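> I have a structure I would like to understand better, so I am pasting it below and will then ask my questions one at a time.
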Amino acid sequence: MTRRLIACGLLVLAGVTACGDRTADNGSPTLPTSTPSSTPTAAPANSGAAAPAVKRCDSSVLKGQVDPTDAGAGNRYGKFVVTNGGTMPCTLNGYSGFQLENGSGALPTKLERMADPGPKALTLAPGGKAVANLHWGVVPSGNEPVEGPCQPEPSKAAAIPPDETVPLTVPWTLGPVCSGGRIEISAFYAS
């Protein structure tokens with residue numbers, strides 16, 4: 001798996017990052033520009049004491065899963081659900097990076113951001129959840145084989161939380177992703 005640091009300070013996994021506009025090693029774009037930063041939650045003005053800053057949710061506290069939601073006419077839909085498994089609240093704001101993988105390493109993945117719902121600052125209490133919508137196709141395109149799987153079958157995904165550098169591993173049991181691994185993803189929203 002290719003790992004390298006990029007100018008915005010985030011880690012790239014085979015060309016996919018949870019940061020701004022980057023291209024994969026093959027020159028194709030992977031993500032559109034800018035991911036808003038998380039904003040810490042402040043204490044109420046009348047409390048007399050400043051609350052400690054709420055840290056961003058990262059892979060050390062987040063647990064993830066992909067749940068299928070709908071299927072039809074060669075399209076598949078799912079939800080990427082993250083849960084704060086920590087003991088303190090954390091913030092989440094923006095889009096996740098998402099790289100399909102199997103036992104051999106990274107698989108073709110073309111992540112495209114959906115505008116709706118867009119980024120919104122969230123604070124996840126311990127046990128709190130956030131969701132990102134996913135959409136992908138299962139109909140071969142271009143020179144993908146029409147007999148058998150269109151792409152190698154993923155067994156997991158490396159998902160980088162917004163503005164972070166270390167991915168969490170998410171099981172993938174939903175079969176191959178056609179069109180060269182094209183997946184549309186929304187920003188996280190409250191579940």
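Going by the structure tokens order, chains are called A, B, ..., each with residues numbered from 1, while ligands are numbered from 1 in the order shown.
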Write out as JSON, numbers by chain which residues come within 6 Å of stretch 60-70 of chain A when counting only C-alpha atoms, dropping same-chain ones fewer than 2 positions away.

{"A": [58, 77, 78, 79, 80, 81, 82, 83, 84, 85, 86, 170]}

> Can you pull out every residue within 9 Å of A:Gly118, counting only C-alpha atoms, but drop anything in the same chain fewer than 5 positions away, and send it as a VMD selection string?

chain A and resid 94 to 95 186 to 189

> For atom CA of A:Thr109 and atom CA of A:Lys129, quote the distance in Å rounded to one decimal.

25.0 Å

> Could you name the residues that touch A:Pro176 at 8 Å or less, counting only C-alpha atoms, but leaving out those on the same chain fewer than 6 positions away, as a list in words?

Val138, Pro149, Cys150, Gln151, Pro152, Glu153 and Pro154 of chain A

> Take the residues from that selection and write them out as a PDB file, in the first residue's frame, keeping N, CA, C and O atoms.


```
ATOM      1  N   VAL A 138     -22.605  -2.041  -9.681  1.00  0.00           N
ATOM      2  CA  VAL A 138     -22.146  -3.418  -9.835  1.00  0.00           C
ATOM      3  C   VAL A 138     -22.248  -3.881 -11.287  1.00  0.00           C
ATOM      4  O   VAL A 138     -22.135  -5.071 -11.565  1.00  0.00           O
ATOM      5  N   PRO A 149     -16.494 -11.381 -11.545  1.00  0.00           N
ATOM      6  CA  PRO A 149     -16.464 -10.060 -10.910  1.00  0.00           C
ATOM      7  C   PRO A 149     -15.835  -8.999 -11.811  1.00  0.00           C
ATOM      8  O   PRO A 149     -14.879  -9.276 -12.522  1.00  0.00           O
ATOM      9  N   CYS A 150     -16.383  -7.798 -11.754  1.00  0.00           N
ATOM     10  CA  CYS A 150     -15.870  -6.684 -12.564  1.00  0.00           C
ATOM     11  C   CYS A 150     -14.533  -6.174 -12.036  1.00  0.00           C
ATOM     12  O   CYS A 150     -13.730  -5.619 -12.783  1.00  0.00           O
ATOM     13  N   GLN A 151     -14.297  -6.315 -10.744  1.00  0.00           N
ATOM     14  CA  GLN A 151     -13.067  -5.907 -10.069  1.00  0.00           C
ATOM     15  C   GLN A 151     -12.775  -6.953  -8.993  1.00  0.00           C
ATOM     16  O   GLN A 151     -13.658  -7.720  -8.614  1.00  0.00           O
ATOM     17  N   PRO A 152     -11.554  -6.992  -8.476  1.00  0.00           N
ATOM     18  CA  PRO A 152     -11.286  -7.901  -7.358  1.00  0.00           C
ATOM     19  C   PRO A 152     -12.213  -7.583  -6.176  1.00  0.00           C
ATOM     20  O   PRO A 152     -12.573  -6.431  -5.956  1.00  0.00           O
ATOM     21  N   GLU A 153     -12.588  -8.602  -5.432  1.00  0.00           N
ATOM     22  CA  GLU A 153     -13.528  -8.412  -4.331  1.00  0.00           C
ATOM     23  C   GLU A 153     -12.822  -7.899  -3.082  1.00  0.00           C
ATOM     24  O   GLU A 153     -11.878  -8.514  -2.591  1.00  0.00           O
ATOM     25  N   PRO A 154     -13.286  -6.758  -2.554  1.00  0.00           N
ATOM     26  CA  PRO A 154     -12.698  -6.233  -1.315  1.00  0.00           C
ATOM     27  C   PRO A 154     -13.166  -7.047  -0.106  1.00  0.00           C
ATOM     28  O   PRO A 154     -14.257  -7.617  -0.110  1.00  0.00           O
TER      29      PRO A 154
END
```

> If DSSP is run on the backbone, what residues of stretch 64-174 of chain A are strand (DSSP E or B)? A reply as a PyMOL selection string would be ideal.

chain A and resi 64-72+75-84+90-92+97-102+105-106+110-113+122-124+129-137+156-160+168-171

> Excluding A:Ser179 and residues on its chain fewer than 3 positions from it, collect all residues at most 9 Å away from it, counting only C-alpha atoms, and give them as a list of chain:residue names.

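Final neighbour list, sorted by chain and number: A:Lys110, A:Trp136, A:Gly137, A:Val138, A:Val139, A:Pro140, A:Ser141, A:Gly142, A:Glu144, A:Cys150, A:Gln151, A:Arg182, A:Ile183.
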
> Would you kindly return, as an MDAnalysis selection string, each protein, DNA or RNA residue with an atom no farther than 10 Å from any atom of A:Ser155, considering only C-alpha atoms and excluding same-chain residues fewer than 2 positions away?

chainID A and resid 100:103 152:153 157 170:176

> Between A:Ala115, A:Leu134, A:Ala159, A:Leu92, which has the minimum distance to A:Ala71 (counting only C-alpha atoms)?

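Answer, going by the shortest atom-to-atom distance: A:Leu134.
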